[in-house]
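Student: Below: one structure in structure tokens.
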Amino acid sequence: MSKAPDPRLAAVRALERVLPGEGDGASLREVLARGVPDGAAGGLMRDLCFGVCRHLRPLNQWLNGQLDKPLKPKAQAVRLAVLCGLYELWFTERPAHAVVNAYPELCRQLKAGWASGLINALLRKADGLDPARVFADYDPAVRYSLPGWLWRSFQQDWPEQADDLARAALAPPPFTLRVNRRQQSREQALAALGDGARPGDLSPWSLYLSPPRPVSQLPGFDSGGFSVQDEAAQLPVEQLAAPDGGRVLDACAAPGGKTGQILEAFPGARVTALDLSARRLDRVRNALRRIGAEAELVQGDAAEPAAWWDGEPFDAILLDAPCSASGILRRQPDVKWHRRRTDLPPLVDLQARMLDALWPLLRPGGRLVYATCSVLRDENDRQIADFLARTDDAEDRTERPADAAPVAAGWQLLTRDNGPDGFYLACLHKRGAADDNKVTDQRS
Ligand SMILES: C[S@@+](CC[C@H](N)C(=O)[O-])C[C@H]1O[C@@H](n2cnc3c(N)ncnc32)[C@H](O)[C@@H]1O
């Protein structure tokens with residue numbers, strides 16, 4: 001019988017691929033999609049990967065401060081092993097002696113026996129220190145484990161909320177589900193899940209489950225009774241409106257979370273799910289199969305409709321645009337180390353081109369809902385304010401709570417602990433000959 005892989009070793013190998021250094025820059029999601037040990041070992045491996053990606057900067061800073069001579073780049077695996085050990089000591093409840101004892105052996109497995117004594121000494125020194133005190137003197141961007149450019153963007157865009165935003169990006173995300181309204185009410189779902197389930201405040205179909213459970217243990221998951229989806233991500237579809245038999249475009253559809261939600265909300269609609277990536281469209285197909293729904297899947301560029309549009313206008317369009325993902329750093333902490341400041345202008349430009357290209361496809365009286373999982377204003381309210389300024393027949397009709405963050409257009413949600421992700425949406429109405437009275441919302 002083959003021995004189960006050591007989860008700490010597996011975590012170091014995964015982090016070597018994901019984090020800057022000698023790796024291939026793969027995303028954490030990609031790396032964790034396969035090769036994760038079963039059961040508790042897999043849970044430990046995942047936790048180490050996410051934890052180190054979340055807290056990378058202050059852990060590195062402390063480590064560097066302890067060394068007389070910097071670790072060589074080729075000792076990256078040893079560095080990552082130390083960071084895993086520090087994370088375990090400082091951010092988990094695992095017994096310190098077990099953590100301290102595990103890492104010298106890990107160095108031997110990494111064929112870096114020379115580092116066993118070093119790692120033992122470092123972890124012994126770290127044990128008993130309070131990370132909040134240790135990190136208190138660090139520069140804020142280091143303390144919050146953010147790249148400098150992103151911390152500055154938070155400060156510029158959200159001078160009063162920047163600290164809360166940065167702190168929220170360090171906390172593990174809640175486990176949030178969307179109830180399939182075609183199959184059960186939210187009350188029935190809450191009763192079926194029992195202890196630990198509570199409804200969300202903003203989305204009528206959301207519920208939180210704490211502690212999280214594997215989806216295989218959710219009653220009715222396999223037959224589409226639930227989908228895993230953040231509460232904020234559930235809001236854009238709730239702002240769409242589509243007549244029975246009407247045509248809806250989900251313009252950046254993969255992996256299909258919102259396509260499924262559109263079909264749950266508007267079962268009589270004809271839905272087109274478009275994505276640039278044919279490979280990612282397979283995920284849409286699988287997601288729809290699970291909930292027993294169907295859409296037309298089209299591979300194409302949302303900014304170039306001439307190549308795929310048949311000329312029949314859409315009654316509603318969802319544009320869930322590619323973005324910085326700065327609102328979901330707690331879910332995808334590796335994004336912090338992959339994104340560059342220079343990625344932003346091309347993304348903002350692509351979003352603007354998509355808006356301009358898709359708007360003519362919308363029937364007068366229809367709605368286009370624009371959404372991003374970003375908290376950066378260039379991608380969000382400034383993007384939409386610019387669009388409104390250059391588009392005569394567009395009007396902002398976003399429904400938002402009175403206490404929403406004040407922005408130039410749309411609705412900006414800022415990440416909340418144990419609540420929704422950072423997210424932006426704007427519901428844009430198209431004025432024109434066909435009055436909106438003709439658009440009856442067929443959601444049931
Ligand atoms: C934020 S994700 C969409 C998430 C999806 N709406 C959901 O709820 O599951 C953005 C998607 O846009 C796609 N994309 C990027 N550029 C695109 C383009 N030019 N045209 C169409 N899709 C594009 C990406 O492949 C990615 O699947």
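Lettering and numbering for the structure tokens are positional, with chains as A, B, ... in the shown order, residues counted from 1 in each chain, and ligands counted from 1 in the shown order.
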Which residues, written as an MDAnalysis selection string, have at least one atom at most 12 Å from Val348 in chain A, with only C-alpha atoms counted and residues fewer than 6 positions away on the same chain left out?

Tutor: chainID A and resid 321:324 341:342 354:355 372 374 376:384 386:387

Student: Could you write out that same residue set with N, CA and C atoms as a PDB file, in the first residue's frame?

Tutor:
ATOM      1  N   ALA A 321     -17.791  41.114 -15.430  1.00  0.00           N
ATOM      2  CA  ALA A 321     -16.568  41.367 -16.198  1.00  0.00           C
ATOM      3  C   ALA A 321     -15.311  40.816 -15.525  1.00  0.00           C
ATOM      4  N   PRO A 322     -14.315  40.430 -16.340  1.00  0.00           N
ATOM      5  CA  PRO A 322     -13.012  40.094 -15.760  1.00  0.00           C
ATOM      6  C   PRO A 322     -12.469  41.332 -15.032  1.00  0.00           C
ATOM      7  N   CYS A 323     -11.831  41.125 -13.886  1.00  0.00           N
ATOM      8  CA  CYS A 323     -11.430  42.275 -13.066  1.00  0.00           C
ATOM      9  C   CYS A 323     -10.235  41.913 -12.202  1.00  0.00           C
ATOM     10  N   SER A 324      -9.845  42.841 -11.342  1.00  0.00           N
ATOM     11  CA  SER A 324      -8.664  42.631 -10.491  1.00  0.00           C
ATOM     12  C   SER A 324      -8.883  41.564  -9.423  1.00  0.00           C
ATOM     13  N   ARG A 341       0.369  46.064 -10.790  1.00  0.00           N
ATOM     14  CA  ARG A 341      -0.316  47.349 -10.978  1.00  0.00           C
ATOM     15  C   ARG A 341      -0.586  47.598 -12.466  1.00  0.00           C
ATOM     16  N   THR A 342       0.355  47.146 -13.301  1.00  0.00           N
ATOM     17  CA  THR A 342       0.222  47.396 -14.738  1.00  0.00           C
ATOM     18  C   THR A 342      -0.877  46.533 -15.387  1.00  0.00           C
ATOM     19  N   MET A 354     -16.162  46.218 -23.518  1.00  0.00           N
ATOM     20  CA  MET A 354     -17.278  45.257 -23.427  1.00  0.00           C
ATOM     21  C   MET A 354     -18.603  45.993 -23.230  1.00  0.00           C
ATOM     22  N   LEU A 355     -18.592  46.979 -22.333  1.00  0.00           N
ATOM     23  CA  LEU A 355     -19.821  47.753 -22.104  1.00  0.00           C
ATOM     24  C   LEU A 355     -20.294  48.377 -23.415  1.00  0.00           C
ATOM     25  N   THR A 372     -18.524  43.335 -10.911  1.00  0.00           N
ATOM     26  CA  THR A 372     -17.137  42.890 -10.748  1.00  0.00           C
ATOM     27  C   THR A 372     -16.947  42.440  -9.295  1.00  0.00           C
ATOM     28  N   SER A 374     -14.515  43.364  -7.514  1.00  0.00           N
ATOM     29  CA  SER A 374     -13.417  44.297  -7.250  1.00  0.00           C
ATOM     30  C   SER A 374     -13.879  45.383  -6.283  1.00  0.00           C
ATOM     31  N   LEU A 376     -11.903  48.269  -6.480  1.00  0.00           N
ATOM     32  CA  LEU A 376     -11.147  49.394  -7.040  1.00  0.00           C
ATOM     33  C   LEU A 376     -12.077  50.242  -7.912  1.00  0.00           C
ATOM     34  N   ARG A 377     -12.100  51.520  -7.641  1.00  0.00           N
ATOM     35  CA  ARG A 377     -13.139  52.362  -8.235  1.00  0.00           C
ATOM     36  C   ARG A 377     -12.980  52.558  -9.742  1.00  0.00           C
ATOM     37  N   ASP A 378     -11.745  52.446 -10.257  1.00  0.00           N
ATOM     38  CA  ASP A 378     -11.592  52.587 -11.718  1.00  0.00           C
ATOM     39  C   ASP A 378     -12.354  51.497 -12.463  1.00  0.00           C
ATOM     40  N   GLU A 379     -12.497  50.338 -11.824  1.00  0.00           N
ATOM     41  CA  GLU A 379     -13.198  49.226 -12.476  1.00  0.00           C
ATOM     42  C   GLU A 379     -14.695  49.296 -12.222  1.00  0.00           C
ATOM     43  N   ASN A 380     -15.079  50.148 -11.280  1.00  0.00           N
ATOM     44  CA  ASN A 380     -16.448  50.087 -10.769  1.00  0.00           C
ATOM     45  C   ASN A 380     -17.213  51.376 -11.028  1.00  0.00           C
ATOM     46  N   ASP A 381     -17.401  52.199  -9.989  1.00  0.00           N
ATOM     47  CA  ASP A 381     -18.276  53.359 -10.202  1.00  0.00           C
ATOM     48  C   ASP A 381     -17.696  54.359 -11.184  1.00  0.00           C
ATOM     49  N   ARG A 382     -16.347  54.487 -11.229  1.00  0.00           N
ATOM     50  CA  ARG A 382     -15.787  55.434 -12.220  1.00  0.00           C
ATOM     51  C   ARG A 382     -16.001  54.886 -13.623  1.00  0.00           C
ATOM     52  N   GLN A 383     -15.857  53.581 -13.754  1.00  0.00           N
ATOM     53  CA  GLN A 383     -16.091  52.942 -15.059  1.00  0.00           C
ATOM     54  C   GLN A 383     -17.528  53.219 -15.514  1.00  0.00           C
ATOM     55  N   ILE A 384     -18.480  53.039 -14.605  1.00  0.00           N
ATOM     56  CA  ILE A 384     -19.894  53.179 -14.967  1.00  0.00           C
ATOM     57  C   ILE A 384     -20.267  54.659 -15.132  1.00  0.00           C
ATOM     58  N   ASP A 386     -18.326  56.940 -16.282  1.00  0.00           N
ATOM     59  CA  ASP A 386     -17.817  57.290 -17.625  1.00  0.00           C
ATOM     60  C   ASP A 386     -18.756  56.746 -18.703  1.00  0.00           C
ATOM     61  N   PHE A 387     -19.213  55.503 -18.497  1.00  0.00           N
ATOM     62  CA  PHE A 387     -20.114  54.898 -19.489  1.00  0.00           C
ATOM     63  C   PHE A 387     -21.411  55.704 -19.594  1.00  0.00           C
TER      64      PHE A 387
END

Student: Quick one: pick out all strand (DSSP E or B) residues within range 70-284 of chain A from a backbone DSSP run and write them as a CSV table (one decimal) with all heavy atoms, in the first residue's frame.

Tutor:
chain,number,residue,atom,x,y,z
A,176,THR,N,-20.8,30.1,1.9
A,176,THR,CA,-22.1,30.7,1.5
A,176,THR,C,-22.7,29.9,0.4
A,176,THR,O,-22.0,29.4,-0.5
A,176,THR,CB,-21.9,32.1,1.1
A,176,THR,OG1,-21.0,32.8,1.9
A,176,THR,CG2,-23.3,32.9,1.1
A,177,LEU,N,-24.0,29.7,0.5
A,177,LEU,CA,-24.7,28.8,-0.5
A,177,LEU,C,-25.9,29.7,-1.1
A,177,LEU,O,-26.4,30.6,-0.5
A,177,LEU,CB,-25.3,27.6,0.2
A,177,LEU,CG,-24.3,26.6,0.8
A,177,LEU,CD1,-25.0,25.6,1.7
A,177,LEU,CD2,-23.6,25.9,-0.4
A,178,ARG,N,-26.2,29.3,-2.3
A,178,ARG,CA,-27.5,29.8,-2.9
A,178,ARG,C,-28.5,28.6,-2.9
A,178,ARG,O,-28.1,27.5,-3.4
A,178,ARG,CB,-27.2,30.3,-4.3
A,178,ARG,CG,-28.4,30.9,-5.0
A,178,ARG,CD,-28.1,31.3,-6.4
A,178,ARG,NE,-28.1,30.1,-7.4
A,178,ARG,CZ,-27.2,29.8,-8.2
A,178,ARG,NH1,-26.0,30.4,-8.2
A,178,ARG,NH2,-27.3,28.7,-9.0
A,179,VAL,N,-29.7,28.9,-2.4
A,179,VAL,CA,-30.7,27.9,-2.5
A,179,VAL,C,-31.4,27.9,-3.8
A,179,VAL,O,-31.6,29.0,-4.4
A,179,VAL,CB,-31.8,28.2,-1.4
A,179,VAL,CG1,-32.9,27.2,-1.4
A,179,VAL,CG2,-31.1,28.2,0.0
A,197,ALA,N,-26.6,26.8,10.2
A,197,ALA,CA,-27.1,27.5,9.0
A,197,ALA,C,-27.8,28.8,9.4
A,197,ALA,O,-28.6,28.8,10.4
A,197,ALA,CB,-28.0,26.6,8.2
A,198,ARG,N,-27.6,29.9,8.7
A,198,ARG,CA,-28.3,31.1,8.9
A,198,ARG,C,-28.5,31.8,7.6
A,198,ARG,O,-27.7,31.7,6.7
A,198,ARG,CB,-27.6,32.1,9.9
A,198,ARG,CG,-26.3,32.6,9.4
A,198,ARG,CD,-25.6,33.6,10.3
A,198,ARG,NE,-24.2,33.9,9.8
A,198,ARG,CZ,-23.9,34.9,9.0
A,198,ARG,NH1,-24.8,35.6,8.4
A,198,ARG,NH2,-22.6,35.1,8.6
A,199,PRO,N,-29.6,32.6,7.5
A,199,PRO,CA,-29.9,33.3,6.2
A,199,PRO,C,-29.0,34.5,6.0
A,199,PRO,O,-28.6,35.2,7.0
A,199,PRO,CB,-31.4,33.7,6.4
A,199,PRO,CG,-31.6,33.8,7.8
A,199,PRO,CD,-30.7,32.8,8.5
A,206,SER,N,-29.7,33.4,-0.2
A,206,SER,CA,-28.4,33.1,0.4
A,206,SER,C,-28.5,32.5,1.8
A,206,SER,O,-29.4,32.8,2.5
A,206,SER,CB,-27.5,34.4,0.5
A,206,SER,OG,-28.1,35.3,1.4
A,207,LEU,N,-27.6,31.6,2.1
A,207,LEU,CA,-27.5,31.2,3.5
A,207,LEU,C,-26.0,30.9,3.8
A,207,LEU,O,-25.2,30.5,2.9
A,207,LEU,CB,-28.4,30.1,3.8
A,207,LEU,CG,-28.4,28.8,3.1
A,207,LEU,CD1,-27.4,27.9,3.6
A,207,LEU,CD2,-29.8,28.1,3.3
A,208,TYR,N,-25.7,31.1,5.0
A,208,TYR,CA,-24.3,30.8,5.5
A,208,TYR,C,-24.3,29.6,6.3
A,208,TYR,O,-25.3,29.3,7.1
A,208,TYR,CB,-23.8,32.0,6.4
A,208,TYR,CG,-23.6,33.3,5.6
A,208,TYR,CD1,-24.7,34.1,5.2
A,208,TYR,CD2,-22.3,33.6,5.2
A,208,TYR,CE1,-24.4,35.3,4.5
A,208,TYR,CE2,-22.1,34.8,4.5
A,208,TYR,CZ,-23.2,35.6,4.1
A,208,TYR,OH,-22.9,36.7,3.4
A,209,LEU,N,-23.2,28.8,6.2
A,209,LEU,CA,-23.1,27.6,7.0
A,209,LEU,C,-21.8,27.5,7.7
A,209,LEU,O,-20.7,27.6,7.1
A,209,LEU,CB,-23.2,26.4,6.0
A,209,LEU,CG,-23.4,25.0,6.5
A,209,LEU,CD1,-24.7,24.9,7.4
A,209,LEU,CD2,-23.6,24.0,5.4
A,226,PHE,N,-28.6,23.2,-4.0
A,226,PHE,CA,-27.8,24.3,-3.6
A,226,PHE,C,-26.7,24.5,-4.6
A,226,PHE,O,-26.2,23.6,-5.3
A,226,PHE,CB,-27.1,23.9,-2.3
A,226,PHE,CG,-28.0,23.7,-1.1
A,226,PHE,CD1,-28.3,22.4,-0.7
A,226,PHE,CD2,-28.5,24.7,-0.4
A,226,PHE,CE1,-29.1,22.1,0.4
A,226,PHE,CE2,-29.3,24.5,0.7
A,226,PHE,CZ,-29.6,23.2,1.1
A,227,SER,N,-26.1,25.7,-4.6
A,227,SER,CA,-24.9,26.0,-5.3
A,227,SER,C,-24.0,26.8,-4.3
A,227,SER,O,-24.5,27.6,-3.5
A,227,SER,CB,-25.1,26.8,-6.5
A,227,SER,OG,-25.9,26.1,-7.4
A,228,VAL,N,-22.7,26.6,-4.4
A,228,VAL,CA,-21.8,27.4,-3.5
A,228,VAL,C,-21.6,28.7,-4.2
A,228,VAL,O,-21.1,28.8,-5.4
A,228,VAL,CB,-20.4,26.7,-3.4
A,228,VAL,CG1,-19.5,27.5,-2.5
A,228,VAL,CG2,-20.6,25.3,-2.7
A,247,ARG,N,-35.0,36.9,-24.0
A,247,ARG,CA,-33.6,36.4,-24.3
A,247,ARG,C,-32.6,37.1,-23.4
A,247,ARG,O,-32.6,38.3,-23.2
A,247,ARG,CB,-33.3,36.9,-25.8
A,247,ARG,CG,-32.4,36.0,-26.4
A,247,ARG,CD,-32.1,36.3,-27.9
A,247,ARG,NE,-31.1,35.3,-28.3
A,247,ARG,CZ,-30.2,35.6,-29.2
A,247,ARG,NH1,-30.2,36.7,-29.8
A,247,ARG,NH2,-29.4,34.7,-29.5
A,248,VAL,N,-31.8,36.3,-22.7
A,248,VAL,CA,-30.9,36.8,-21.7
A,248,VAL,C,-29.4,36.4,-22.2
A,248,VAL,O,-29.2,35.3,-22.5
A,248,VAL,CB,-31.1,36.3,-20.3
A,248,VAL,CG1,-30.2,36.9,-19.3
A,248,VAL,CG2,-32.6,36.5,-19.9
A,249,LEU,N,-28.5,37.4,-22.1
A,249,LEU,CA,-27.1,37.1,-22.4
A,249,LEU,C,-26.3,37.1,-21.1
A,249,LEU,O,-26.4,38.2,-20.4
A,249,LEU,CB,-26.6,38.1,-23.4
A,249,LEU,CG,-25.0,38.1,-23.6
A,249,LEU,CD1,-24.7,36.8,-24.3
A,249,LEU,CD2,-24.5,39.3,-24.4
A,250,ASP,N,-25.6,36.1,-20.8
A,250,ASP,CA,-24.7,36.1,-19.7
A,250,ASP,C,-23.3,36.2,-20.4
A,250,ASP,O,-22.8,35.2,-20.9
A,250,ASP,CB,-24.8,34.7,-18.9
A,250,ASP,CG,-23.9,34.7,-17.7
A,250,ASP,OD1,-23.2,35.7,-17.4
A,250,ASP,OD2,-23.9,33.7,-16.9
A,270,ARG,N,-34.7,32.4,-22.6
A,270,ARG,CA,-33.7,31.7,-23.4
A,270,ARG,C,-32.4,32.3,-23.1
A,270,ARG,O,-32.1,33.5,-23.4
A,270,ARG,CB,-34.1,31.9,-24.9
A,270,ARG,CG,-35.3,31.2,-25.4
A,270,ARG,CD,-35.7,31.6,-26.8
A,270,ARG,NE,-36.1,33.0,-26.8
A,270,ARG,CZ,-35.8,33.9,-27.8
A,270,ARG,NH1,-35.1,33.5,-28.8
A,270,ARG,NH2,-36.2,35.1,-27.8
A,271,VAL,N,-31.5,31.5,-22.5
A,271,VAL,CA,-30.2,32.1,-22.0
A,271,VAL,C,-29.1,31.7,-22.9
A,271,VAL,O,-28.9,30.5,-23.2
A,271,VAL,CB,-30.0,31.6,-20.5
A,271,VAL,CG1,-28.7,32.1,-20.0
A,271,VAL,CG2,-31.1,32.1,-19.6
A,272,THR,N,-28.3,32.7,-23.2
A,272,THR,CA,-27.0,32.5,-24.0
A,272,THR,C,-25.9,32.7,-23.0
A,272,THR,O,-25.8,33.8,-22.4
A,272,THR,CB,-26.9,33.4,-25.2
A,272,THR,OG1,-28.0,33.2,-26.0
A,272,THR,CG2,-25.6,33.2,-25.9
A,273,ALA,N,-25.0,31.7,-22.8
A,273,ALA,CA,-23.8,31.8,-21.9
A,273,ALA,C,-22.6,32.0,-22.8
A,273,ALA,O,-22.3,31.0,-23.5
A,273,ALA,CB,-23.7,30.6,-21.0
A,274,LEU,N,-22.0,33.1,-22.8
A,274,LEU,CA,-20.8,33.4,-23.6
A,274,LEU,C,-19.6,33.5,-22.8
A,274,LEU,O,-19.6,34.0,-21.7
A,274,LEU,CB,-21.0,34.8,-24.3
A,274,LEU,CG,-19.9,35.3,-25.1
A,274,LEU,CD1,-20.0,34.8,-26.6
A,274,LEU,CD2,-19.9,36.8,-25.1
A,275,ASP,N,-18.5,32.9,-23.3
A,275,ASP,CA,-17.2,33.1,-22.6
A,275,ASP,C,-16.1,33.0,-23.6
A,275,ASP,O,-16.2,32.3,-24.6
A,275,ASP,CB,-17.0,32.0,-21.5
A,275,ASP,CG,-16.0,32.5,-20.4
A,275,ASP,OD1,-14.8,32.4,-20.7
A,275,ASP,OD2,-16.4,33.1,-19.4

Student: Please list as an MDAnalysis selection string every residue within 8 Å of Gly246 in chain A, counting only C-alpha atoms and excluding residues in the same chain fewer than 2 positions away.

Tutor: chainID A and resid 242:244 248 268:270 314:315

Student: Between CA of Ala169 in chain A and CA of Asp421 in chain A, what is the distance in Å, rounded to a tenth?

Tutor: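 Calculated distance between CA of Ala169 in chain A and CA of Asp421 in chain A is 9.3 Å.
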
Student: Have a look at CA of Val369 in chain A and CA of Ala426 in chain A and let me know their distance in Å, one decimal.

Tutor: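 Interatomic distance, CA of Val369 in chain A to CA of Ala426 in chain A: 5.6 Å.
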
Student: Give me the chain A side of the contact with ligand 1, cut-off 6 Å, one line per residue showing its nearest atom pair and distance in Å at one decimal, counting only C-alpha atoms and all ligand atoms, sorted by chain and residue number, as JSON lines.

Tutor:
{"residue": "A:Cys252", "atom": "CA", "partner": "ligand 1", "partner_atom_place_in_ligand_line": "12 (O)", "distance": 4.1}
{"residue": "A:Ala253", "atom": "CA", "partner": "ligand 1", "partner_atom_place_in_ligand_line": "6 (N)", "distance": 4.1}
{"residue": "A:Ala254", "atom": "CA", "partner": "ligand 1", "partner_atom_place_in_ligand_line": "27 (O)", "distance": 4.0}
{"residue": "A:Pro255", "atom": "CA", "partner": "ligand 1", "partner_atom_place_in_ligand_line": "9 (O)", "distance": 4.2}
{"residue": "A:Gly256", "atom": "CA", "partner": "ligand 1", "partner_atom_place_in_ligand_line": "9 (O)", "distance": 3.9}
{"residue": "A:Gly257", "atom": "CA", "partner": "ligand 1", "partner_atom_place_in_ligand_line": "9 (O)", "distance": 3.7}
{"residue": "A:Lys258", "atom": "CA", "partner": "ligand 1", "partner_atom_place_in_ligand_line": "8 (O)", "distance": 4.0}
{"residue": "A:Asp275", "atom": "CA", "partner": "ligand 1", "partner_atom_place_in_ligand_line": "22 (N)", "distance": 3.8}
{"residue": "A:Leu276", "atom": "CA", "partner": "ligand 1", "partner_atom_place_in_ligand_line": "22 (N)", "distance": 4.0}
{"residue": "A:Ser277", "atom": "CA", "partner": "ligand 1", "partner_atom_place_in_ligand_line": "25 (O)", "distance": 5.0}
{"residue": "A:Gly300", "atom": "CA", "partner": "ligand 1", "partner_atom_place_in_ligand_line": "21 (C)", "distance": 5.9}
{"residue": "A:Asp301", "atom": "CA", "partner": "ligand 1", "partner_atom_place_in_ligand_line": "20 (N)", "distance": 3.6}
{"residue": "A:Ala302", "atom": "CA", "partner": "ligand 1", "partner_atom_place_in_ligand_line": "20 (N)", "distance": 3.8}
{"residue": "A:Ala303", "atom": "CA", "partner": "ligand 1", "partner_atom_place_in_ligand_line": "19 (N)", "distance": 5.6}
{"residue": "A:Asp320", "atom": "CA", "partner": "ligand 1", "partner_atom_place_in_ligand_line": "6 (N)", "distance": 5.0}
{"residue": "A:Ala321", "atom": "CA", "partner": "ligand 1", "partner_atom_place_in_ligand_line": "10 (C)", "distance": 5.3}
{"residue": "A:Pro322", "atom": "CA", "partner": "ligand 1", "partner_atom_place_in_ligand_line": "10 (C)", "distance": 4.2}

Student: Write the selection just made, keeping N, CA, C and O atoms, as a CSV table (one decimal), in the first residue's frame?

Tutor:
chain,number,residue,atom,x,y,z
A,252,CYS,N,-20.0,37.0,-19.6
A,252,CYS,CA,-18.7,36.4,-19.2
A,252,CYS,C,-19.1,35.3,-18.2
A,252,CYS,O,-19.1,35.5,-17.0
A,253,ALA,N,-19.5,34.2,-18.8
A,253,ALA,CA,-20.4,33.2,-18.0
A,253,ALA,C,-19.6,32.2,-17.2
A,253,ALA,O,-20.1,31.8,-16.1
A,254,ALA,N,-18.4,31.8,-17.6
A,254,ALA,CA,-17.7,30.7,-16.9
A,254,ALA,C,-17.2,31.1,-15.5
A,254,ALA,O,-16.8,32.3,-15.4
A,255,PRO,N,-17.3,30.2,-14.5
A,255,PRO,CA,-17.7,28.8,-14.6
A,255,PRO,C,-19.2,28.6,-14.5
A,255,PRO,O,-19.6,27.4,-14.4
A,256,GLY,N,-20.0,29.6,-14.5
A,256,GLY,CA,-21.4,29.3,-14.7
A,256,GLY,C,-22.3,29.5,-13.5
A,256,GLY,O,-23.5,29.2,-13.5
A,257,GLY,N,-21.7,30.0,-12.4
A,257,GLY,CA,-22.5,30.2,-11.2
A,257,GLY,C,-23.7,31.1,-11.4
A,257,GLY,O,-24.8,30.7,-11.0
A,258,LYS,N,-23.5,32.2,-12.1
A,258,LYS,CA,-24.6,33.1,-12.3
A,258,LYS,C,-25.5,32.6,-13.5
A,258,LYS,O,-26.7,32.9,-13.5
A,275,ASP,N,-18.5,32.9,-23.3
A,275,ASP,CA,-17.2,33.1,-22.6
A,275,ASP,C,-16.1,33.0,-23.6
A,275,ASP,O,-16.2,32.3,-24.6
A,276,LEU,N,-15.0,33.7,-23.4
A,276,LEU,CA,-13.9,33.7,-24.3
A,276,LEU,C,-13.2,32.3,-24.3
A,276,LEU,O,-12.6,31.9,-25.3
A,277,SER,N,-13.3,31.6,-23.2
A,277,SER,CA,-12.5,30.4,-23.0
A,277,SER,C,-13.4,29.2,-23.2
A,277,SER,O,-14.3,28.9,-22.4
A,300,GLY,N,-16.8,33.1,-27.4
A,300,GLY,CA,-16.6,34.3,-28.2
A,300,GLY,C,-16.1,35.4,-27.3
A,300,GLY,O,-16.1,35.3,-26.1
A,301,ASP,N,-15.8,36.5,-27.9
A,301,ASP,CA,-15.3,37.7,-27.2
A,301,ASP,C,-16.4,38.7,-27.0
A,301,ASP,O,-17.0,39.2,-28.0
A,302,ALA,N,-16.7,39.0,-25.7
A,302,ALA,CA,-17.8,39.9,-25.4
A,302,ALA,C,-17.6,41.3,-26.0
A,302,ALA,O,-18.5,42.0,-26.3
A,303,ALA,N,-16.3,41.6,-26.3
A,303,ALA,CA,-16.0,43.0,-26.9
A,303,ALA,C,-16.1,43.0,-28.4
A,303,ALA,O,-16.0,44.0,-29.0
A,320,ASP,N,-20.6,40.2,-16.2
A,320,ASP,CA,-19.8,39.9,-14.9
A,320,ASP,C,-18.3,39.9,-15.4
A,320,ASP,O,-17.7,38.9,-15.7
A,321,ALA,N,-17.8,41.1,-15.4
A,321,ALA,CA,-16.6,41.4,-16.2
A,321,ALA,C,-15.3,40.8,-15.5
A,321,ALA,O,-15.2,40.8,-14.3
A,322,PRO,N,-14.3,40.4,-16.3
A,322,PRO,CA,-13.0,40.1,-15.8
A,322,PRO,C,-12.5,41.3,-15.0
A,322,PRO,O,-12.6,42.5,-15.5

Student: Could I get the residues of range 235-336 of chain A with an atom no further than 10 Å from an atom of range 151-165 of chain A, each paired with its nearest atom pair and that distance in Å to one decimal, using only C-alpha atoms, sorted by chain and residue number, as a tab-separated table?

Tutor:
residue	atom	partner	partner_atom	distance
A:Ser326	CA	A:Phe154	CA	9.5
A:Gly327	CA	A:Leu165	CA	8.6
A:Leu329	CA	A:Leu165	CA	10.0

Student: When you draw a straight line from CA of Ala33 in chain A to CA of Pro173 in chain A, how long is it in Å?

Tutor: 18.7 Å

Student: Considering only C-alpha atoms, state which residue in the set A:Leu146, A:Leu89, A:Val52, A:Cys84 is at the smallest distance from Trp337 in chain A.

Tutor: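 Of A:Leu146, A:Leu89, A:Val52, A:Cys84, the one nearest Trp337 in chain A, counting only C-alpha atoms, is A:Leu146.
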
Student: Counting only C-alpha atoms, figure out which residue out of A:Trp149, A:Tyr87, A:Phe221, A:Tyr103 gets nearest to Gln183 in chain A.

Tutor: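 With only C-alpha atoms as the atom set, the closest residue is A:Phe221.
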
Student: With distances taken over only C-alpha atoms, which residue among A:Leu235, A:Leu56, A:Leu319, A:Ala278 lies nearest Val142 in chain A?

Tutor: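 For Val142 in chain A, the nearest of the given residues is A:Leu56.
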
Student: Please provide the set of residues having any atom within 9 Å of Gln234 in chain A, restricted to only C-alpha atoms, with same-chain residues fewer than 2 positions apart removed, written as a list in words.

Tutor: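 Neighbouring residues, sequence-local ones excluded: Arg178, Leu202, Ser203, Pro204, Trp205, Ser206, Gln229, Asp230, Glu231, Ala232, Pro236, Val237, Glu238, Gly257, Lys258 and Gln261 of chain A.
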
Student: Skipping near chain neighbours, those fewer than 3 positions away, what residues fall within 12 Å of Gly42 in chain A using only C-alpha atoms, listed as a list in words?

Tutor: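 Contacts, with the query itself left out: Ala4, Pro5, Asp6, Pro7, Arg8, Leu9, Ala10, Ala11, Leu32, Ala33, Arg34, Gly35, Val36, Pro37, Asp38, Gly39, Met45, Arg46, Asp47, Leu48 and Cys49 of chain A.
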
Student: Env of Leu59 in chain A: 9 Å cut, atoms = only C-alpha atoms, seq-sep filter 4 positions within chain, self excluded. Answer as an NGL selection string.

Tutor: :A and (52 or 55 or 63-64 or 82-83 or 86-87 or 135 or 145)

Student: Would you save the residues of that selection, restricted to C-alpha atoms, as an mmCIF file, in the first residue's frame?

Tutor:
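Produced file part_14.cif, reproduced below:
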data_model
loop_
_atom_site.group_PDB
_atom_site.id
_atom_site.type_symbol
_atom_site.label_atom_id
_atom_site.label_comp_id
_atom_site.auth_asym_id
_atom_site.auth_seq_id
_atom_site.Cartn_x
_atom_site.Cartn_y
_atom_site.Cartn_z
ATOM 1 C CA VAL A 52 0.798 31.219 3.763
ATOM 2 C CA HIS A 55 0.014 36.127 5.454
ATOM 3 C CA LEU A 63 11.977 35.358 8.863
ATOM 4 C CA ASN A 64 14.340 37.726 7.029
ATOM 5 C CA VAL A 82 9.527 27.937 7.601
ATOM 6 C CA LEU A 83 6.574 30.084 6.509
ATOM 7 C CA LEU A 86 5.169 30.080 11.370
ATOM 8 C CA TYR A 87 1.651 30.171 9.994
ATOM 9 C CA PHE A 135 3.838 42.765 13.160
ATOM 10 C CA SER A 145 0.227 41.364 3.579
#
